[in-house]
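S.K.: Sharing my_file_0.cif, mmCIF, N, CA, C and O atoms:
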data_final
#
loop_
_atom_site.group_PDB
_atom_site.id
_atom_site.type_symbol
_atom_site.label_atom_id
_atom_site.label_comp_id
_atom_site.auth_asym_id
_atom_site.auth_seq_id
_atom_site.Cartn_x
_atom_site.Cartn_y
_atom_site.Cartn_z
ATOM 1 N N MET A 3 -13.117 22.623 -2.318
ATOM 2 C CA MET A 3 -13.022 21.622 -1.270
ATOM 3 C C MET A 3 -13.503 20.257 -1.770
ATOM 4 O O MET A 3 -13.006 19.240 -1.344
ATOM 5 N N ASN A 4 -14.476 20.275 -2.679
ATOM 6 C CA ASN A 4 -14.989 19.022 -3.217
ATOM 7 C C ASN A 4 -13.917 18.292 -4.018
ATOM 8 O O ASN A 4 -13.857 17.069 -4.001
ATOM 9 N N LEU A 5 -13.066 19.035 -4.716
ATOM 10 C CA LEU A 5 -11.973 18.431 -5.475
ATOM 11 C C LEU A 5 -11.006 17.708 -4.546
ATOM 12 O O LEU A 5 -10.529 16.613 -4.854
ATOM 13 N N PHE A 6 -10.734 18.291 -3.393
ATOM 14 C CA PHE A 6 -9.846 17.670 -2.415
ATOM 15 C C PHE A 6 -10.388 16.321 -1.966
ATOM 16 O O PHE A 6 -9.656 15.333 -1.914
ATOM 17 N N TYR A 7 -11.680 16.263 -1.654
ATOM 18 C CA TYR A 7 -12.272 15.005 -1.199
ATOM 19 C C TYR A 7 -12.345 13.978 -2.326
ATOM 20 O O TYR A 7 -12.241 12.781 -2.087
ATOM 21 N N THR A 8 -12.513 14.437 -3.543
ATOM 22 C CA THR A 8 -12.511 13.518 -4.687
ATOM 23 C C THR A 8 -11.144 12.876 -4.866
ATOM 24 O O THR A 8 -11.032 11.662 -5.068
ATOM 25 N N ILE A 9 -10.089 13.679 -4.758
ATOM 26 C CA ILE A 9 -8.730 13.153 -4.868
ATOM 27 C C ILE A 9 -8.415 12.228 -3.697
ATOM 28 O O ILE A 9 -7.840 11.146 -3.879
ATOM 29 N N LEU A 10 -8.813 12.622 -2.496
ATOM 30 C CA LEU A 10 -8.585 11.797 -1.308
ATOM 31 C C LEU A 10 -9.293 10.451 -1.439
ATOM 32 O O LEU A 10 -8.712 9.400 -1.150
ATOM 33 N N TYR A 11 -10.541 10.456 -1.912
ATOM 34 C CA TYR A 11 -11.287 9.217 -2.086
ATOM 35 C C TYR A 11 -10.633 8.326 -3.145
ATOM 36 O O TYR A 11 -10.569 7.110 -2.986
ATOM 37 N N TYR A 12 -10.143 8.933 -4.216
ATOM 38 C CA TYR A 12 -9.487 8.161 -5.271
ATOM 39 C C TYR A 12 -8.276 7.410 -4.727
ATOM 40 O O TYR A 12 -8.096 6.222 -4.982
ATOM 41 N N PHE A 13 -7.423 8.102 -3.952
ATOM 42 C CA PHE A 13 -6.225 7.446 -3.433
ATOM 43 C C PHE A 13 -6.546 6.429 -2.347
ATOM 44 O O PHE A 13 -5.864 5.423 -2.203
ATOM 45 N N GLN A 14 -7.606 6.668 -1.581
ATOM 46 C CA GLN A 14 -7.999 5.686 -0.577
ATOM 47 C C GLN A 14 -8.573 4.435 -1.228
ATOM 48 O O GLN A 14 -8.349 3.323 -0.762
ATOM 49 N N LYS A 15 -9.303 4.614 -2.313
ATOM 50 C CA LYS A 15 -9.949 3.478 -2.976
ATOM 51 C C LYS A 15 -8.982 2.679 -3.839
ATOM 52 O O LYS A 15 -9.020 1.457 -3.861
ATOM 53 N N ARG A 16 -8.068 3.371 -4.534
ATOM 54 C CA ARG A 16 -7.195 2.702 -5.491
ATOM 55 C C ARG A 16 -5.719 2.834 -5.152
ATOM 56 O O ARG A 16 -4.880 2.777 -6.034
ATOM 57 N N GLY A 17 -5.420 3.004 -3.897
ATOM 58 C CA GLY A 17 -4.029 3.172 -3.479
ATOM 59 C C GLY A 17 -3.265 1.866 -3.495
ATOM 60 O O GLY A 17 -3.762 0.811 -3.908
ATOM 61 N N PHE A 18 -2.061 1.928 -3.042
ATOM 62 C CA PHE A 18 -1.202 0.749 -3.063
ATOM 63 C C PHE A 18 -1.551 -0.259 -1.970
ATOM 64 O O PHE A 18 -1.179 -1.410 -2.057
ATOM 65 N N GLU A 19 -2.223 0.173 -0.925
ATOM 66 C CA GLU A 19 -2.614 -0.675 0.201
ATOM 67 C C GLU A 19 -1.409 -1.317 0.877
ATOM 68 O O GLU A 19 -1.473 -2.431 1.367
ATOM 69 N N VAL A 20 -0.304 -0.596 0.914
ATOM 70 C CA VAL A 20 0.914 -1.119 1.532
ATOM 71 C C VAL A 20 0.710 -1.305 3.026
ATOM 72 O O VAL A 20 1.012 -2.357 3.580
ATOM 73 N N CYS A 21 0.178 -0.296 3.678
ATOM 74 C CA CYS A 21 0.014 -0.358 5.131
ATOM 75 C C CYS A 21 -0.960 -1.456 5.546
ATOM 76 O O CYS A 21 -0.732 -2.156 6.526
ATOM 77 N N ARG A 22 -2.034 -1.605 4.793
ATOM 78 C CA ARG A 22 -3.007 -2.644 5.126
ATOM 79 C C ARG A 22 -2.412 -4.036 4.989
ATOM 80 O O ARG A 22 -2.605 -4.905 5.827
ATOM 81 N N ARG A 23 -1.636 -4.246 3.933
ATOM 82 C CA ARG A 23 -1.055 -5.571 3.713
ATOM 83 C C ARG A 23 0.022 -5.888 4.746
ATOM 84 O O ARG A 23 0.132 -7.028 5.200
ATOM 85 N N ILE A 24 0.814 -4.891 5.104
ATOM 86 C CA ILE A 24 1.820 -5.104 6.154
ATOM 87 C C ILE A 24 1.127 -5.386 7.483
ATOM 88 O O ILE A 24 1.553 -6.265 8.237
ATOM 89 N N ALA A 25 0.061 -4.659 7.773
ATOM 90 C CA ALA A 25 -0.671 -4.852 9.025
ATOM 91 C C ALA A 25 -1.299 -6.237 9.094
ATOM 92 O O ALA A 25 -1.285 -6.883 10.145
ATOM 93 N N GLU A 26 -1.846 -6.715 7.983
ATOM 94 C CA GLU A 26 -2.417 -8.058 7.968
ATOM 95 C C GLU A 26 -1.347 -9.110 8.201
ATOM 96 O O GLU A 26 -1.570 -10.095 8.904
ATOM 97 N N ARG A 27 -0.186 -8.910 7.621
ATOM 98 C CA ARG A 27 0.906 -9.872 7.774
ATOM 99 C C ARG A 27 1.400 -9.916 9.223
ATOM 100 O O ARG A 27 1.686 -10.977 9.754
ATOM 101 N N LEU A 28 1.490 -8.731 9.869
ATOM 102 C CA LEU A 28 1.991 -8.659 11.238
ATOM 103 C C LEU A 28 0.911 -8.870 12.295
ATOM 104 O O LEU A 28 1.223 -9.065 13.460
ATOM 105 N N GLY A 29 -0.356 -8.787 11.891
ATOM 106 C CA GLY A 29 -1.448 -8.991 12.827
ATOM 107 C C GLY A 29 -1.730 -7.773 13.692
ATOM 108 O O GLY A 29 -2.159 -7.922 14.834
ATOM 109 N N ILE A 30 -1.479 -6.586 13.171
ATOM 110 C CA ILE A 30 -1.755 -5.353 13.914
ATOM 111 C C ILE A 30 -2.670 -4.471 13.072
ATOM 112 O O ILE A 30 -2.997 -4.811 11.939
ATOM 113 N N ARG A 31 -3.078 -3.347 13.628
ATOM 114 C CA ARG A 31 -3.957 -2.434 12.911
ATOM 115 C C ARG A 31 -3.184 -1.661 11.852
ATOM 116 O O ARG A 31 -2.022 -1.313 12.034
ATOM 117 N N ALA A 32 -3.862 -1.356 10.755
ATOM 118 C CA ALA A 32 -3.249 -0.583 9.676
ATOM 119 C C ALA A 32 -2.949 0.833 10.131
ATOM 120 O O ALA A 32 -1.999 1.455 9.655
ATOM 121 N N ARG A 33 -3.724 1.330 11.058
ATOM 122 C CA ARG A 33 -3.496 2.681 11.588
ATOM 123 C C ARG A 33 -2.134 2.805 12.248
ATOM 124 O O ARG A 33 -1.453 3.823 12.106
ATOM 125 N N VAL A 34 -1.714 1.775 12.944
ATOM 126 C CA VAL A 34 -0.399 1.785 13.605
ATOM 127 C C VAL A 34 0.709 1.801 12.570
ATOM 128 O O VAL A 34 1.705 2.520 12.722
ATOM 129 N N VAL A 35 0.553 1.049 11.510
ATOM 130 C CA VAL A 35 1.565 1.009 10.457
ATOM 131 C C VAL A 35 1.645 2.349 9.745
ATOM 132 O O VAL A 35 2.736 2.855 9.481
ATOM 133 N N ARG A 36 0.501 2.958 9.447
ATOM 134 C CA ARG A 36 0.502 4.279 8.797
ATOM 135 C C ARG A 36 1.184 5.317 9.677
ATOM 136 O O ARG A 36 1.990 6.120 9.188
ATOM 137 N N THR A 37 0.855 5.308 10.952
ATOM 138 C CA THR A 37 1.479 6.256 11.877
ATOM 139 C C THR A 37 2.978 6.031 11.961
ATOM 140 O O THR A 37 3.756 6.993 12.006
ATOM 141 N N SER A 38 3.405 4.793 11.947
ATOM 142 C CA SER A 38 4.840 4.489 11.982
ATOM 143 C C SER A 38 5.550 5.021 10.748
ATOM 144 O O SER A 38 6.653 5.573 10.852
ATOM 145 N N PHE A 39 4.933 4.868 9.578
ATOM 146 C CA PHE A 39 5.522 5.411 8.351
ATOM 147 C C PHE A 39 5.620 6.940 8.415
ATOM 148 O O PHE A 39 6.602 7.525 7.970
ATOM 149 N N ILE A 40 4.605 7.583 8.966
ATOM 150 C CA ILE A 40 4.629 9.043 9.070
ATOM 151 C C ILE A 40 5.745 9.483 10.003
ATOM 152 O O ILE A 40 6.526 10.394 9.675
ATOM 153 N N TYR A 41 5.858 8.863 11.159
ATOM 154 C CA TYR A 41 6.923 9.227 12.103
ATOM 155 C C TYR A 41 8.300 8.932 11.520
ATOM 156 O O TYR A 41 9.225 9.721 11.676
ATOM 157 N N LEU A 42 8.432 7.805 10.854
ATOM 158 C CA LEU A 42 9.716 7.450 10.243
ATOM 159 C C LEU A 42 10.114 8.463 9.178
ATOM 160 O O LEU A 42 11.290 8.821 9.069
ATOM 161 N N THR A 43 9.142 8.955 8.423
ATOM 162 C CA THR A 43 9.423 9.947 7.395
ATOM 163 C C THR A 43 9.935 11.247 8.005
ATOM 164 O O THR A 43 10.903 11.839 7.526
ATOM 165 N N PHE A 44 9.305 11.695 9.093
ATOM 166 C CA PHE A 44 9.743 12.938 9.730
ATOM 167 C C PHE A 44 11.090 12.798 10.419
ATOM 168 O O PHE A 44 11.927 13.694 10.352
ATOM 169 N N VAL A 45 11.314 11.676 11.075
ATOM 170 C CA VAL A 45 12.553 11.483 11.826
ATOM 171 C C VAL A 45 13.751 11.317 10.901
ATOM 172 O O VAL A 45 14.830 11.862 11.152
ATOM 173 N N THR A 46 13.586 10.600 9.818
ATOM 174 C CA THR A 46 14.718 10.303 8.940
ATOM 175 C C THR A 46 14.766 11.200 7.704
ATOM 176 O O THR A 46 15.518 10.905 6.765
ATOM 177 N N LEU A 47 13.974 12.261 7.706
ATOM 178 C CA LEU A 47 13.974 13.243 6.621
ATOM 179 C C LEU A 47 13.672 12.633 5.253
ATOM 180 O O LEU A 47 14.378 12.860 4.269
ATOM 181 N N GLY A 48 12.651 11.804 5.174
ATOM 182 C CA GLY A 48 12.184 11.288 3.896
ATOM 183 C C GLY A 48 12.468 9.829 3.633
ATOM 184 O O GLY A 48 11.978 9.287 2.639
ATOM 185 N N PHE A 49 13.228 9.159 4.482
ATOM 186 C CA PHE A 49 13.527 7.752 4.234
ATOM 187 C C PHE A 49 12.270 6.886 4.330
ATOM 188 O O PHE A 49 12.122 5.916 3.584
ATOM 189 N N GLY A 50 11.348 7.236 5.209
ATOM 190 C CA GLY A 50 10.107 6.473 5.352
ATOM 191 C C GLY A 50 9.281 6.498 4.093
ATOM 192 O O GLY A 50 8.691 5.503 3.690
ATOM 193 N N PHE A 51 9.235 7.655 3.431
ATOM 194 C CA PHE A 51 8.491 7.766 2.177
ATOM 195 C C PHE A 51 9.162 6.944 1.083
ATOM 196 O O PHE A 51 8.486 6.269 0.301
ATOM 197 N N ALA A 52 10.470 6.988 1.034
ATOM 198 C CA ALA A 52 11.203 6.185 0.050
ATOM 199 C C ALA A 52 10.984 4.696 0.309
ATOM 200 O O ALA A 52 10.798 3.910 -0.624
ATOM 201 N N LEU A 53 10.977 4.298 1.565
ATOM 202 C CA LEU A 53 10.726 2.901 1.930
ATOM 203 C C LEU A 53 9.311 2.494 1.536
ATOM 204 O O LEU A 53 9.093 1.403 1.007
ATOM 205 N N TYR A 54 8.347 3.386 1.761
ATOM 206 C CA TYR A 54 6.963 3.114 1.385
ATOM 207 C C TYR A 54 6.840 2.888 -0.127
ATOM 208 O O TYR A 54 6.177 1.949 -0.571
ATOM 209 N N LEU A 55 7.469 3.740 -0.915
ATOM 210 C CA LEU A 55 7.407 3.585 -2.367
ATOM 211 C C LEU A 55 8.096 2.308 -2.830
ATOM 212 O O LEU A 55 7.622 1.629 -3.743
ATOM 213 N N PHE A 56 9.206 1.950 -2.186
ATOM 214 C CA PHE A 56 9.891 0.705 -2.529
ATOM 215 C C PHE A 56 9.009 -0.503 -2.233
ATOM 216 O O PHE A 56 8.899 -1.420 -3.058
ATOM 217 N N VAL A 57 8.373 -0.512 -1.070
ATOM 218 C CA VAL A 57 7.504 -1.632 -0.706
ATOM 219 C C VAL A 57 6.293 -1.689 -1.630
ATOM 220 O O VAL A 57 5.865 -2.778 -2.034
ATOM 221 N N ALA A 58 5.742 -0.539 -2.010
ATOM 222 C CA ALA A 58 4.613 -0.517 -2.940
ATOM 223 C C ALA A 58 5.017 -1.104 -4.283
ATOM 224 O O ALA A 58 4.278 -1.898 -4.882
ATOM 225 N N PHE A 59 6.192 -0.724 -4.770
ATOM 226 C CA PHE A 59 6.686 -1.261 -6.036
ATOM 227 C C PHE A 59 6.915 -2.761 -5.929
ATOM 228 O O PHE A 59 6.529 -3.522 -6.805
ATOM 229 N N TRP A 60 7.500 -3.210 -4.839
ATOM 230 C CA TRP A 60 7.791 -4.627 -4.625
ATOM 231 C C TRP A 60 6.503 -5.451 -4.548
ATOM 232 O O TRP A 60 6.409 -6.529 -5.131
ATOM 233 N N LEU A 61 5.495 -4.945 -3.831
ATOM 234 C CA LEU A 61 4.231 -5.660 -3.728
ATOM 235 C C LEU A 61 3.521 -5.734 -5.081
ATOM 236 O O LEU A 61 2.883 -6.733 -5.404
ATOM 237 N N ARG A 62 3.633 -4.663 -5.865
ATOM 238 C CA ARG A 62 3.009 -4.654 -7.189
ATOM 239 C C ARG A 62 3.656 -5.691 -8.107
ATOM 240 O O ARG A 62 2.966 -6.441 -8.808
ATOM 241 N N ILE A 63 4.975 -5.771 -8.086
ATOM 242 C CA ILE A 63 5.686 -6.773 -8.888
ATOM 243 C C ILE A 63 5.330 -8.176 -8.408
ATOM 244 O O ILE A 63 5.097 -9.085 -9.210
ATOM 245 N N LYS A 64 5.278 -8.366 -7.096
ATOM 246 C CA LYS A 64 4.924 -9.669 -6.529
ATOM 247 C C LYS A 64 3.522 -10.090 -6.965
ATOM 248 O O LYS A 64 3.290 -11.248 -7.306
ATOM 249 N N ASP A 65 2.589 -9.146 -6.968
ATOM 250 C CA ASP A 65 1.229 -9.464 -7.399
ATOM 251 C C ASP A 65 1.169 -9.822 -8.884
ATOM 252 O O ASP A 65 0.375 -10.659 -9.283
ATOM 253 N N LEU A 66 1.987 -9.183 -9.675
ATOM 254 C CA LEU A 66 1.998 -9.498 -11.102
ATOM 255 C C LEU A 66 2.606 -10.866 -11.376
ATOM 256 O O LEU A 66 2.184 -11.569 -12.295
ATOM 257 N N ILE A 67 3.589 -11.255 -10.587
ATOM 258 C CA ILE A 67 4.245 -12.550 -10.789
ATOM 259 C C ILE A 67 3.409 -13.689 -10.232
ATOM 260 O O ILE A 67 3.200 -14.704 -10.877
ATOM 261 N N TYR A 68 2.944 -13.529 -9.004
ATOM 262 C CA TYR A 68 2.179 -14.580 -8.342
ATOM 263 C C TYR A 68 0.691 -14.295 -8.443
ATOM 264 O O TYR A 68 0.044 -13.925 -7.484
ATOM 265 N N THR A 69 0.127 -14.473 -9.616
ATOM 266 C CA THR A 69 -1.309 -14.280 -9.783
ATOM 267 C C THR A 69 -2.035 -15.522 -9.307
ATOM 268 O O THR A 69 -1.572 -16.645 -9.486
ATOM 269 N N LYS A 70 -3.188 -15.308 -8.730
ATOM 270 C CA LYS A 70 -3.989 -16.424 -8.252
ATOM 271 C C LYS A 70 -4.863 -16.915 -9.387
ATOM 272 O O LYS A 70 -5.702 -16.200 -9.911
ATOM 273 N N ARG A 71 -4.687 -18.138 -9.767
ATOM 274 C CA ARG A 71 -5.462 -18.734 -10.846
ATOM 275 C C ARG A 71 -6.594 -19.555 -10.266
ATOM 276 O O ARG A 71 -6.437 -20.246 -9.268
ATOM 277 N N THR A 72 -7.740 -19.495 -10.923
ATOM 278 C CA THR A 72 -8.888 -20.235 -10.421
ATOM 279 C C THR A 72 -8.879 -21.682 -10.845
ATOM 280 O O THR A 72 -9.457 -22.535 -10.179
ATOM 281 N N SER A 73 -8.231 -21.969 -11.964
ATOM 282 C CA SER A 73 -8.163 -23.352 -12.403
ATOM 283 C C SER A 73 -6.852 -23.592 -13.147
ATOM 284 O O SER A 73 -6.093 -22.662 -13.423
ATOM 285 N N VAL A 74 -6.612 -24.814 -13.508
ATOM 286 C CA VAL A 74 -5.400 -25.190 -14.213
ATOM 287 C C VAL A 74 -5.420 -24.671 -15.651
ATOM 288 O O VAL A 74 -4.395 -24.443 -16.256
ATOM 289 N N PHE A 75 -6.587 -24.422 -16.188
ATOM 290 C CA PHE A 75 -6.717 -24.004 -17.573
ATOM 291 C C PHE A 75 -6.463 -22.515 -17.779
ATOM 292 O O PHE A 75 -6.527 -22.030 -18.892
ATOM 293 N N ASP A 76 -6.172 -21.765 -16.708
ATOM 294 C CA ASP A 76 -5.893 -20.328 -16.813
ATOM 295 C C ASP A 76 -4.455 -20.054 -17.202
ATOM 296 O O ASP A 76 -4.056 -18.900 -17.269
ATOM 297 N N LEU A 77 -3.642 -21.062 -17.438
ATOM 298 C CA LEU A 77 -2.257 -20.852 -17.803
ATOM 299 C C LEU A 77 -2.188 -20.203 -19.138
ATOM 300 O O LEU A 77 -1.566 -19.339 -19.485
#
As structure tokens, what does this structure read like?
M.R.:
Amino acid sequence: MNLFYTILYYFQKRGFEVCRRIAERLGIRARVVRTSFIYLTFVTLGFGFALYLFVAFWLRIKDLIYTKRTSVFDL
């Protein structure tokens, strides 16, 4: 059981944070977004999970391209 909680903590700490970022953008709770993804996955037989992975990949690429620089000399 301890292994399960270790894996769960790892994904919560270092996950993609897709739901949190979408929730911040829309101004709603992350819990609502997570629940929506879960329902969408069950209703559409996996499309919600595919959409989640696509958004995670897109956000990761966006973060790599648009890095926040602290000064002009970080180029």
S.K.: Taking only N, CA, C and O atoms into account, which of A:Arg36, A:Met3, A:Arg62, A:Leu47 comes nearest Arg22 (chain A)?
M.R.: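 Of A:Arg36, A:Met3, A:Arg62, A:Leu47, the one nearest Arg22 (chain A) is A:Arg36, counting only N, CA, C and O atoms.
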S.K.: If you measure from atom O of Phe39 (chain A) to CA of Phe56 (chain A), what distance in Å do you get, rounded to one decimal?
M.R.: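 CA of Phe56 (chain A) lies 12.9 Å from atom O of Phe39 (chain A).
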S.K.: In Å, rounded to a single decimal, give me how far CA of Leu55 (chain A) is from atom C of Val20 (chain A).
M.R.: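 Going from atom C of Val20 (chain A) over to CA of Leu55 (chain A) covers 9.9 Å.
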S.K.: Taking only region 36-72 of chain A into account, list the residues labelled alpha helix (DSSP H) by DSSP (computed from the backbone), as a list in words.
M.R.: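 These are the residues in question: Arg36, Thr37, Ser38, Phe39, Ile40, Tyr41, Leu42, Thr43, Phe44, Val45, Phe49, Gly50, Phe51, Ala52, Leu53, Tyr54, Leu55, Phe56, Val57, Ala58, Phe59, Trp60, Leu61, Arg62, Ile63, Lys64, Asp65, Leu66 and Ile67 of chain A.
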S.K.: Mind writing the picked residues with N, CA, C and O atoms as an mmCIF file, keeping the file's coordinate frame?
M.R.:
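See result_37.cif below for the written result:
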data_model
loop_
_atom_site.group_PDB
_atom_site.id
_atom_site.type_symbol
_atom_site.label_atom_id
_atom_site.label_comp_id
_atom_site.auth_asym_id
_atom_site.auth_seq_id
_atom_site.Cartn_x
_atom_site.Cartn_y
_atom_site.Cartn_z
ATOM 1 N N ARG A 36 0.501 2.958 9.447
ATOM 2 C CA ARG A 36 0.502 4.279 8.797
ATOM 3 C C ARG A 36 1.184 5.317 9.677
ATOM 4 O O ARG A 36 1.990 6.120 9.188
ATOM 5 N N THR A 37 0.855 5.308 10.952
ATOM 6 C CA THR A 37 1.479 6.256 11.877
ATOM 7 C C THR A 37 2.978 6.031 11.961
ATOM 8 O O THR A 37 3.756 6.993 12.006
ATOM 9 N N SER A 38 3.405 4.793 11.947
ATOM 10 C CA SER A 38 4.840 4.489 11.982
ATOM 11 C C SER A 38 5.550 5.021 10.748
ATOM 12 O O SER A 38 6.653 5.573 10.852
ATOM 13 N N PHE A 39 4.933 4.868 9.578
ATOM 14 C CA PHE A 39 5.522 5.411 8.351
ATOM 15 C C PHE A 39 5.620 6.940 8.415
ATOM 16 O O PHE A 39 6.602 7.525 7.970
ATOM 17 N N ILE A 40 4.605 7.583 8.966
ATOM 18 C CA ILE A 40 4.629 9.043 9.070
ATOM 19 C C ILE A 40 5.745 9.483 10.003
ATOM 20 O O ILE A 40 6.526 10.394 9.675
ATOM 21 N N TYR A 41 5.858 8.863 11.159
ATOM 22 C CA TYR A 41 6.923 9.227 12.103
ATOM 23 C C TYR A 41 8.300 8.932 11.520
ATOM 24 O O TYR A 41 9.225 9.721 11.676
ATOM 25 N N LEU A 42 8.432 7.805 10.854
ATOM 26 C CA LEU A 42 9.716 7.450 10.243
ATOM 27 C C LEU A 42 10.114 8.463 9.178
ATOM 28 O O LEU A 42 11.290 8.821 9.069
ATOM 29 N N THR A 43 9.142 8.955 8.423
ATOM 30 C CA THR A 43 9.423 9.947 7.395
ATOM 31 C C THR A 43 9.935 11.247 8.005
ATOM 32 O O THR A 43 10.903 11.839 7.526
ATOM 33 N N PHE A 44 9.305 11.695 9.093
ATOM 34 C CA PHE A 44 9.743 12.938 9.730
ATOM 35 C C PHE A 44 11.090 12.798 10.419
ATOM 36 O O PHE A 44 11.927 13.694 10.352
ATOM 37 N N VAL A 45 11.314 11.676 11.075
ATOM 38 C CA VAL A 45 12.553 11.483 11.826
ATOM 39 C C VAL A 45 13.751 11.317 10.901
ATOM 40 O O VAL A 45 14.830 11.862 11.152
ATOM 41 N N PHE A 49 13.228 9.159 4.482
ATOM 42 C CA PHE A 49 13.527 7.752 4.234
ATOM 43 C C PHE A 49 12.270 6.886 4.330
ATOM 44 O O PHE A 49 12.122 5.916 3.584
ATOM 45 N N GLY A 50 11.348 7.236 5.209
ATOM 46 C CA GLY A 50 10.107 6.473 5.352
ATOM 47 C C GLY A 50 9.281 6.498 4.093
ATOM 48 O O GLY A 50 8.691 5.503 3.690
ATOM 49 N N PHE A 51 9.235 7.655 3.431
ATOM 50 C CA PHE A 51 8.491 7.766 2.177
ATOM 51 C C PHE A 51 9.162 6.944 1.083
ATOM 52 O O PHE A 51 8.486 6.269 0.301
ATOM 53 N N ALA A 52 10.470 6.988 1.034
ATOM 54 C CA ALA A 52 11.203 6.185 0.050
ATOM 55 C C ALA A 52 10.984 4.696 0.309
ATOM 56 O O ALA A 52 10.798 3.910 -0.624
ATOM 57 N N LEU A 53 10.977 4.298 1.565
ATOM 58 C CA LEU A 53 10.726 2.901 1.930
ATOM 59 C C LEU A 53 9.311 2.494 1.536
ATOM 60 O O LEU A 53 9.093 1.403 1.007
ATOM 61 N N TYR A 54 8.347 3.386 1.761
ATOM 62 C CA TYR A 54 6.963 3.114 1.385
ATOM 63 C C TYR A 54 6.840 2.888 -0.127
ATOM 64 O O TYR A 54 6.177 1.949 -0.571
ATOM 65 N N LEU A 55 7.469 3.740 -0.915
ATOM 66 C CA LEU A 55 7.407 3.585 -2.367
ATOM 67 C C LEU A 55 8.096 2.308 -2.830
ATOM 68 O O LEU A 55 7.622 1.629 -3.743
ATOM 69 N N PHE A 56 9.206 1.950 -2.186
ATOM 70 C CA PHE A 56 9.891 0.705 -2.529
ATOM 71 C C PHE A 56 9.009 -0.503 -2.233
ATOM 72 O O PHE A 56 8.899 -1.420 -3.058
ATOM 73 N N VAL A 57 8.373 -0.512 -1.070
ATOM 74 C CA VAL A 57 7.504 -1.632 -0.706
ATOM 75 C C VAL A 57 6.293 -1.689 -1.630
ATOM 76 O O VAL A 57 5.865 -2.778 -2.034
ATOM 77 N N ALA A 58 5.742 -0.539 -2.010
ATOM 78 C CA ALA A 58 4.613 -0.517 -2.940
ATOM 79 C C ALA A 58 5.017 -1.104 -4.283
ATOM 80 O O ALA A 58 4.278 -1.898 -4.882
ATOM 81 N N PHE A 59 6.192 -0.724 -4.770
ATOM 82 C CA PHE A 59 6.686 -1.261 -6.036
ATOM 83 C C PHE A 59 6.915 -2.761 -5.929
ATOM 84 O O PHE A 59 6.529 -3.522 -6.805
ATOM 85 N N TRP A 60 7.500 -3.210 -4.839
ATOM 86 C CA TRP A 60 7.791 -4.627 -4.625
ATOM 87 C C TRP A 60 6.503 -5.451 -4.548
ATOM 88 O O TRP A 60 6.409 -6.529 -5.131
ATOM 89 N N LEU A 61 5.495 -4.945 -3.831
ATOM 90 C CA LEU A 61 4.231 -5.660 -3.728
ATOM 91 C C LEU A 61 3.521 -5.734 -5.081
ATOM 92 O O LEU A 61 2.883 -6.733 -5.404
ATOM 93 N N ARG A 62 3.633 -4.663 -5.865
ATOM 94 C CA ARG A 62 3.009 -4.654 -7.189
ATOM 95 C C ARG A 62 3.656 -5.691 -8.107
ATOM 96 O O ARG A 62 2.966 -6.441 -8.808
ATOM 97 N N ILE A 63 4.975 -5.771 -8.086
ATOM 98 C CA ILE A 63 5.686 -6.773 -8.888
ATOM 99 C C ILE A 63 5.330 -8.176 -8.408
ATOM 100 O O ILE A 63 5.097 -9.085 -9.210
ATOM 101 N N LYS A 64 5.278 -8.366 -7.096
ATOM 102 C CA LYS A 64 4.924 -9.669 -6.529
ATOM 103 C C LYS A 64 3.522 -10.090 -6.965
ATOM 104 O O LYS A 64 3.290 -11.248 -7.306
ATOM 105 N N ASP A 65 2.589 -9.146 -6.968
ATOM 106 C CA ASP A 65 1.229 -9.464 -7.399
ATOM 107 C C ASP A 65 1.169 -9.822 -8.884
ATOM 108 O O ASP A 65 0.375 -10.659 -9.283
ATOM 109 N N LEU A 66 1.987 -9.183 -9.675
ATOM 110 C CA LEU A 66 1.998 -9.498 -11.102
ATOM 111 C C LEU A 66 2.606 -10.866 -11.376
ATOM 112 O O LEU A 66 2.184 -11.569 -12.295
ATOM 113 N N ILE A 67 3.589 -11.255 -10.587
ATOM 114 C CA ILE A 67 4.245 -12.550 -10.789
ATOM 115 C C ILE A 67 3.409 -13.689 -10.232
ATOM 116 O O ILE A 67 3.200 -14.704 -10.877
#
S.K.: Go through A:Ala32, A:Gly50, A:Ala58, A:Val45 and flag the residue nearest Gly17 (chain A), using only C-alpha atoms for the distances.
M.R.: A:Ala58
S.K.: Just checking: using only N, CA, C and O atoms, which residue out of A:Leu61, A:Ala52, A:Ile67, A:Val35 ends up closest to Cys21 (chain A)?
M.R.: A:Val35
S.K.: When distances are computed from only C-alpha atoms, which of A:Val57, A:Ile40, A:Ile63, A:Leu10 shows the smallest separation from Arg23 (chain A)?
M.R.: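 Distance minimum relative to Arg23 (chain A) lands on A:Val57.
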S.K.: Just checking: using only C-alpha atoms, which residue out of A:Leu42, A:Ala25, A:Phe18, A:Val34 ends up closest to Trp60 (chain A)?
M.R.: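 When distances to Trp60 (chain A) are compared using only C-alpha atoms, the smallest one comes from A:Phe18.
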